[in-house]
Amino acid sequence: MSKKVRLKDVTAGQENRVLSVRQVLKQKHHDFTKMTAEEGLELADPSSIDVSALLHEKGWTLFEYDFPGNQAIFLDVGPEANVINVPFSYSTQMRLAKRWAAIDFDSFLTLSKKIKTSHHFLQFHNIGHCGSTLLHHVLNASGSVWDISEPKFTRDISMNRRSLLREKQIEFARAGLKFLTLYPQAGERDVIAVKHFSQSTKILDIWQAAFSNAKTIFMYRDAMSWCNSNYGFWQRWGLPAPMPFGERQFVWDTESGYEGEEYLKGLVDFDREGLTFPELSACSWALHVEEFLRARQKGLHAMALRYNELLSDRVATLKAVFDFCELVPQNFDKAMQAFDADSHEGELTAHSKVVQELTPDDASRILRILGNSRLALSPDLRL
């Protein structure tokens with residue numbers, strides 16, 4: 001049974017409500033936490049900590065925003081923990097957690113205002129399966145940046161965006177980035193980068209507004225190879241090929257960030273018994289790309305980076321990335337070596353597992369969907 005850590009909010013003079021970690025992990029975010037140990041976390045003996053420990057005691061890391069519970073969840077991973085040289089920071093946080101604590105949102109946002117930082121921020125948005133985890137490892141290896149991959153609280157804002165006013169979304173985004181500066185080893189480099197979940201394409205403007213001076217890169221890849229990679233990801237994650245009829249809602253909700261089925265009208269019949277996984281993937285690809293195009297039309301300044309060029313011309317593409325982000329690589333040779341390793345090594349989604357690939361018929365279905373006149377795909381973003 002998971003232990004509880006009481007968190008006393010000395011600023012408000014009251015105790016914040018605390019959930020067991022087991023409850024937290026088995027709530028609405030079970031889809032991603034499932035990728036870690038199913039038995040949950042066994043934590044340290046109950047103890048009392050002052051809320052100021054979240055600012056001053058190294059090892060406490062912001063984990064998630066529990067919007068239904070009106071609280072921010074923190075995990076104590078220890079002062080020496082490495083949460084960046086991994087594909088997914090959230091799963092590493094859960095594996096390393098020794099204690100946990102919760103603080104109500106009002107107290108949390110007040111606390112975030114006490115964090116003063118001189119760090120520069122980089123934000124890497126992506127459509128998933130497009131080399132973003134690879135670039136994450138490359139940047140960390142370069143010695144120029146502290147780059148964290150997929151901190152869970154970033155996804156929480158996207159998935160709860162409809163219940164939050166724009167101003168609140170910005171406030172939570174800004175507070176989360178500020179708390180990143182307190183993670184173990186984050187203070188050792190002047191630049192902090194965040195590799196976002198793909199769902200963050202839903203709120204690109206929010207993240208830009210949170211830190212307007214942050215450099216932004218949007219990563220994608222050609223549609224056909226993306227659909228193929230996405231197909232493999234879900235198989236490695238545990239879904240069989242072809243995709244079971246009953247899983248389509250879960251897959252679409254996850255990939256689209258709860259966009260709803262209305263987006264699919266005119267593209268596919270969501271209720272059709274023979275709907276294929278690649279057809280759904282084509283719709284997901286188009287959705288993410290359209291989100292970026294809309295954000296760019298509204299003023300988002302971002303470098304569009306295609307995975308295809310990152311692989312075919314590594315040196316030139318990386319130099320372009322470093323130039324855009326105004327970074328000077330401390331060890332370019334070591335950064336290049338990151339290309340030779342599996343970017344998902346150690347995770348359930350590691351590429352060593354053999355999976356079924358798209359068929360010629362699948363490819364035809366994908367091209368038919370992406371050729372639909374309803375989709376406003378710019379020729380600047382190559383299919």
# chains A, B, ... in the order shown; residues from 1 in each chain; ligands from 1

call {"tool": "select_by_dssp", "arguments": {"residues": "range 225-335 of chain A", "states": "strand (DSSP E)", "output": "PyMOL selection string"}}
result
chain A and resi 303-306

call {"tool": "write_last_selection", "arguments": {"atoms": "N, CA and C atoms", "output": "PDB file, in the first residue's frame"}}
result
ATOM      1  N   MET A 303      10.741  27.460 -36.059  1.00  0.00           N
ATOM      2  CA  MET A 303      11.466  26.762 -37.116  1.00  0.00           C
ATOM      3  C   MET A 303      10.753  25.443 -37.378  1.00  0.00           C
ATOM      4  N   ALA A 304      10.348  25.200 -38.615  1.00  0.00           N
ATOM      5  CA  ALA A 304       9.739  23.926 -38.984  1.00  0.00           C
ATOM      6  C   ALA A 304      10.848  22.961 -39.379  1.00  0.00           C
ATOM      7  N   LEU A 305      10.962  21.877 -38.649  1.00  0.00           N
ATOM      8  CA  LEU A 305      12.054  20.924 -38.842  1.00  0.00           C
ATOM      9  C   LEU A 305      11.488  19.562 -39.198  1.00  0.00           C
ATOM     10  N   ARG A 306      11.881  19.050 -40.362  1.00  0.00           N
ATOM     11  CA  ARG A 306      11.386  17.757 -40.813  1.00  0.00           C
ATOM     12  C   ARG A 306      12.387  16.657 -40.462  1.00  0.00           C
TER      13      ARG A 306
END

call {"tool": "closest_residue", "arguments": {"among": "A:Val51, A:Ile369, A:Val77, A:Ala141", "to": "Ser107 in chain A", "atoms": "only C-alpha atoms"}}
result
A:Val51

call {"tool": "residues_around", "arguments": {"residues": "Ser284 in chain A", "least_positions_apart": "5", "cutoff": "9 Å", "atoms": "only C-alpha atoms", "output": "list in words"}}
result
Ile127, Cys227, Trp252, Glu255, Ser256, Glu279 and Val289 of chain A

call {"tool": "closest_residue", "arguments": {"among": "A:Leu134, A:Ala72, A:Ala302, A:Ala335", "to": "Ser112 in chain A", "atoms": "only C-alpha atoms"}}
result
A:Ala72

call {"tool": "closest_residue", "arguments": {"among": "A:Leu111, A:Val145, A:Ala363, A:Val321", "to": "Glu188 in chain A", "atoms": "only C-alpha atoms"}}
result
A:Val145

call {"tool": "residues_around", "arguments": {"residues": "Gly131 in chain A", "least_positions_apart": "2", "cutoff": "8 Å", "atoms": "only C-alpha atoms", "output": "list in words"}}
result
Gly128, His129, Thr133, Leu134, Leu135, Met219, Tyr220, Tyr307 and Leu310 of chain A

call {"tool": "closest_residue", "arguments": {"among": "A:Ile73, A:Leu318, A:Leu358, A:Ile217", "to": "Phe277 in chain A", "atoms": "only C-alpha atoms"}}
result
A:Leu358

call {"tool": "residues_around", "arguments": {"residues": "Val315 in chain A", "least_positions_apart": "6", "cutoff": "12 Å", "atoms": "only C-alpha atoms", "output": "list in words"}}
result
Val138, Glu309, Val321, Phe322, Phe332, Asp333, Ala335, Met336, Gln337 and Phe339 of chain A

call {"tool": "write_last_selection", "arguments": {"atoms": "N, CA and C atoms", "output": "compact mmCIF listing (two decimals), in the first residue's frame"}}
result
# COMPACT_ATOMS: atom_id res chain seq x y z
N VAL A 138 20.26 14.34 -28.64
CA VAL A 138 21.34 15.06 -29.31
C VAL A 138 21.67 16.35 -28.57
N GLU A 309 14.98 15.44 -43.18
CA GLU A 309 16.24 16.16 -43.36
C GLU A 309 17.19 15.95 -42.18
N VAL A 321 19.72 24.06 -36.57
CA VAL A 321 19.01 24.06 -35.30
C VAL A 321 19.76 24.87 -34.26
N PHE A 322 21.07 24.62 -34.15
CA PHE A 322 21.88 25.35 -33.18
C PHE A 322 21.90 26.84 -33.49
N PHE A 332 30.13 18.75 -30.26
CA PHE A 332 29.34 18.41 -31.43
C PHE A 332 29.51 16.94 -31.81
N ASP A 333 30.73 16.41 -31.65
CA ASP A 333 30.98 15.01 -32.00
C ASP A 333 30.15 14.07 -31.12
N ALA A 335 27.37 14.84 -29.68
CA ALA A 335 25.98 15.03 -30.08
C ALA A 335 25.66 14.16 -31.29
N MET A 336 26.58 14.07 -32.24
CA MET A 336 26.35 13.26 -33.43
C MET A 336 26.25 11.79 -33.10
N GLN A 337 26.93 11.34 -32.04
CA GLN A 337 26.90 9.93 -31.67
C GLN A 337 25.51 9.49 -31.19
N PHE A 339 22.87 9.78 -32.69
CA PHE A 339 22.13 9.22 -33.81
C PHE A 339 22.28 7.70 -33.89

call {"tool": "decode", "arguments": {"residues": "range 61-74 of chain A", "atoms": "all heavy atoms", "output": "JSON list (two decimals), in the first residue's frame"}}
result
[["chain", "number", "residue", "atom", "x", "y", "z"],
["A", 61, "THR", "N", 10.28, 17.42, -7.62],
["A", 61, "THR", "CA", 10.01, 17.77, -9.02],
["A", 61, "THR", "C", 8.52, 17.83, -9.26],
["A", 61, "THR", "O", 7.77, 16.96, -8.84],
["A", 61, "THR", "CB", 10.62, 16.72, -9.97],
["A", 61, "THR", "OG1", 10.07, 15.43, -9.69],
["A", 61, "THR", "CG2", 12.14, 16.66, -9.82],
["A", 62, "LEU", "N", 8.09, 18.86, -9.95],
["A", 62, "LEU", "CA", 6.69, 18.95, -10.35],
["A", 62, "LEU", "C", 6.39, 17.77, -11.28],
["A", 62, "LEU", "O", 7.10, 17.54, -12.25],
["A", 62, "LEU", "CB", 6.43, 20.27, -11.08],
["A", 62, "LEU", "CG", 5.04, 20.45, -11.69],
["A", 62, "LEU", "CD1", 3.96, 20.40, -10.61],
["A", 62, "LEU", "CD2", 4.97, 21.76, -12.47],
["A", 63, "PHE", "N", 5.31, 17.04, -10.99],
["A", 63, "PHE", "CA", 4.97, 15.87, -11.78],
["A", 63, "PHE", "C", 3.75, 16.10, -12.66],
["A", 63, "PHE", "O", 3.82, 15.98, -13.87],
["A", 63, "PHE", "CB", 4.73, 14.67, -10.86],
["A", 63, "PHE", "CG", 4.27, 13.43, -11.58],
["A", 63, "PHE", "CD1", 5.05, 12.85, -12.57],
["A", 63, "PHE", "CD2", 3.05, 12.84, -11.28],
["A", 63, "PHE", "CE1", 4.63, 11.71, -13.25],
["A", 63, "PHE", "CE2", 2.61, 11.70, -11.94],
["A", 63, "PHE", "CZ", 3.41, 11.14, -12.93],
["A", 64, "GLU", "N", 2.62, 16.46, -12.05],
["A", 64, "GLU", "CA", 1.42, 16.62, -12.85],
["A", 64, "GLU", "C", 0.48, 17.65, -12.27],
["A", 64, "GLU", "O", 0.57, 18.00, -11.09],
["A", 64, "GLU", "CB", 0.68, 15.29, -13.01],
["A", 64, "GLU", "CG", -0.11, 14.86, -11.80],
["A", 64, "GLU", "CD", -1.01, 13.66, -12.10],
["A", 64, "GLU", "OE1", -1.07, 13.23, -13.26],
["A", 64, "GLU", "OE2", -1.64, 13.16, -11.16],
["A", 65, "TYR", "N", -0.42, 18.14, -13.12],
["A", 65, "TYR", "CA", -1.51, 18.99, -12.70],
["A", 65, "TYR", "C", -2.76, 18.12, -12.61],
["A", 65, "TYR", "O", -3.27, 17.64, -13.62],
["A", 65, "TYR", "CB", -1.75, 20.12, -13.69],
["A", 65, "TYR", "CG", -0.65, 21.17, -13.74],
["A", 65, "TYR", "CD1", -0.29, 21.77, -14.94],
["A", 65, "TYR", "CD2", 0.01, 21.58, -12.58],
["A", 65, "TYR", "CE1", 0.70, 22.75, -15.00],
["A", 65, "TYR", "CE2", 0.99, 22.55, -12.62],
["A", 65, "TYR", "CZ", 1.33, 23.13, -13.83],
["A", 65, "TYR", "OH", 2.31, 24.10, -13.88],
["A", 66, "ASP", "N", -3.24, 17.94, -11.41],
["A", 66, "ASP", "CA", -4.47, 17.18, -11.19],
["A", 66, "ASP", "C", -5.63, 18.18, -11.19],
["A", 66, "ASP", "O", -6.04, 18.67, -10.14],
["A", 66, "ASP", "CB", -4.37, 16.43, -9.86],
["A", 66, "ASP", "CG", -5.68, 15.75, -9.47],
["A", 66, "ASP", "OD1", -6.53, 15.54, -10.37],
["A", 66, "ASP", "OD2", -5.86, 15.47, -8.27],
["A", 67, "PHE", "N", -6.13, 18.49, -12.38],
["A", 67, "PHE", "CA", -7.17, 19.51, -12.48],
["A", 67, "PHE", "C", -8.47, 19.08, -11.80],
["A", 67, "PHE", "O", -9.12, 19.91, -11.15],
["A", 67, "PHE", "CB", -7.41, 19.89, -13.95],
["A", 67, "PHE", "CG", -6.30, 20.75, -14.50],
["A", 67, "PHE", "CD1", -5.36, 20.23, -15.37],
["A", 67, "PHE", "CD2", -6.19, 22.07, -14.11],
["A", 67, "PHE", "CE1", -4.33, 21.02, -15.87],
["A", 67, "PHE", "CE2", -5.17, 22.88, -14.61],
["A", 67, "PHE", "CZ", -4.24, 22.35, -15.49],
["A", 68, "PRO", "N", -8.91, 17.83, -11.90],
["A", 68, "PRO", "CA", -10.11, 17.44, -11.16],
["A", 68, "PRO", "C", -9.95, 17.63, -9.65],
["A", 68, "PRO", "O", -10.91, 17.98, -8.96],
["A", 68, "PRO", "CB", -10.29, 15.96, -11.52],
["A", 68, "PRO", "CG", -9.64, 15.83, -12.86],
["A", 68, "PRO", "CD", -8.45, 16.74, -12.80],
["A", 69, "GLY", "N", -8.75, 17.41, -9.15],
["A", 69, "GLY", "CA", -8.50, 17.55, -7.72],
["A", 69, "GLY", "C", -8.02, 18.93, -7.31],
["A", 69, "GLY", "O", -7.78, 19.17, -6.12],
["A", 70, "ASN", "N", -7.84, 19.84, -8.29],
["A", 70, "ASN", "CA", -7.41, 21.22, -8.00],
["A", 70, "ASN", "C", -6.08, 21.25, -7.26],
["A", 70, "ASN", "O", -5.89, 22.00, -6.31],
["A", 70, "ASN", "CB", -8.49, 21.95, -7.19],
["A", 70, "ASN", "CG", -8.23, 23.45, -7.12],
["A", 70, "ASN", "OD1", -7.89, 24.07, -8.11],
["A", 70, "ASN", "ND2", -8.38, 24.02, -5.93],
["A", 71, "GLN", "N", -5.12, 20.45, -7.72],
["A", 71, "GLN", "CA", -3.84, 20.39, -7.02],
["A", 71, "GLN", "C", -2.71, 20.00, -7.97],
["A", 71, "GLN", "O", -2.92, 19.38, -9.01],
["A", 71, "GLN", "CB", -3.92, 19.38, -5.88],
["A", 71, "GLN", "CG", -4.23, 17.96, -6.34],
["A", 71, "GLN", "CD", -4.43, 17.00, -5.19],
["A", 71, "GLN", "OE1", -4.24, 17.34, -4.04],
["A", 71, "GLN", "NE2", -4.81, 15.78, -5.52],
["A", 72, "ALA", "N", -1.52, 20.41, -7.57],
["A", 72, "ALA", "CA", -0.31, 20.03, -8.29],
["A", 72, "ALA", "C", 0.37, 18.92, -7.51],
["A", 72, "ALA", "O", 0.49, 18.98, -6.28],
["A", 72, "ALA", "CB", 0.63, 21.22, -8.42],
["A", 73, "ILE", "N", 0.80, 17.88, -8.22],
["A", 73, "ILE", "CA", 1.45, 16.73, -7.60],
["A", 73, "ILE", "C", 2.96, 16.83, -7.81],
["A", 73, "ILE", "O", 3.44, 17.05, -8.92],
["A", 73, "ILE", "CB", 0.95, 15.41, -8.21],
["A", 73, "ILE", "CG1", -0.58, 15.31, -8.11],
["A", 73, "ILE", "CG2", 1.61, 14.20, -7.54],
["A", 73, "ILE", "CD1", -1.11, 15.23, -6.72],
["A", 74, "PHE", "N", 3.73, 16.66, -6.74],
["A", 74, "PHE", "CA", 5.19, 16.67, -6.78],
["A", 74, "PHE", "C", 5.72, 15.29, -6.39],
["A", 74, "PHE", "O", 5.15, 14.62, -5.53],
["A", 74, "PHE", "CB", 5.75, 17.71, -5.81],
["A", 74, "PHE", "CG", 5.62, 19.13, -6.28],
["A", 74, "PHE", "CD1", 4.40, 19.79, -6.20],
["A", 74, "PHE", "CD2", 6.71, 19.80, -6.80],
["A", 74, "PHE", "CE1", 4.27, 21.11, -6.63],
["A", 74, "PHE", "CE2", 6.59, 21.12, -7.25],
["A", 74, "PHE", "CZ", 5.37, 21.77, -7.16]]
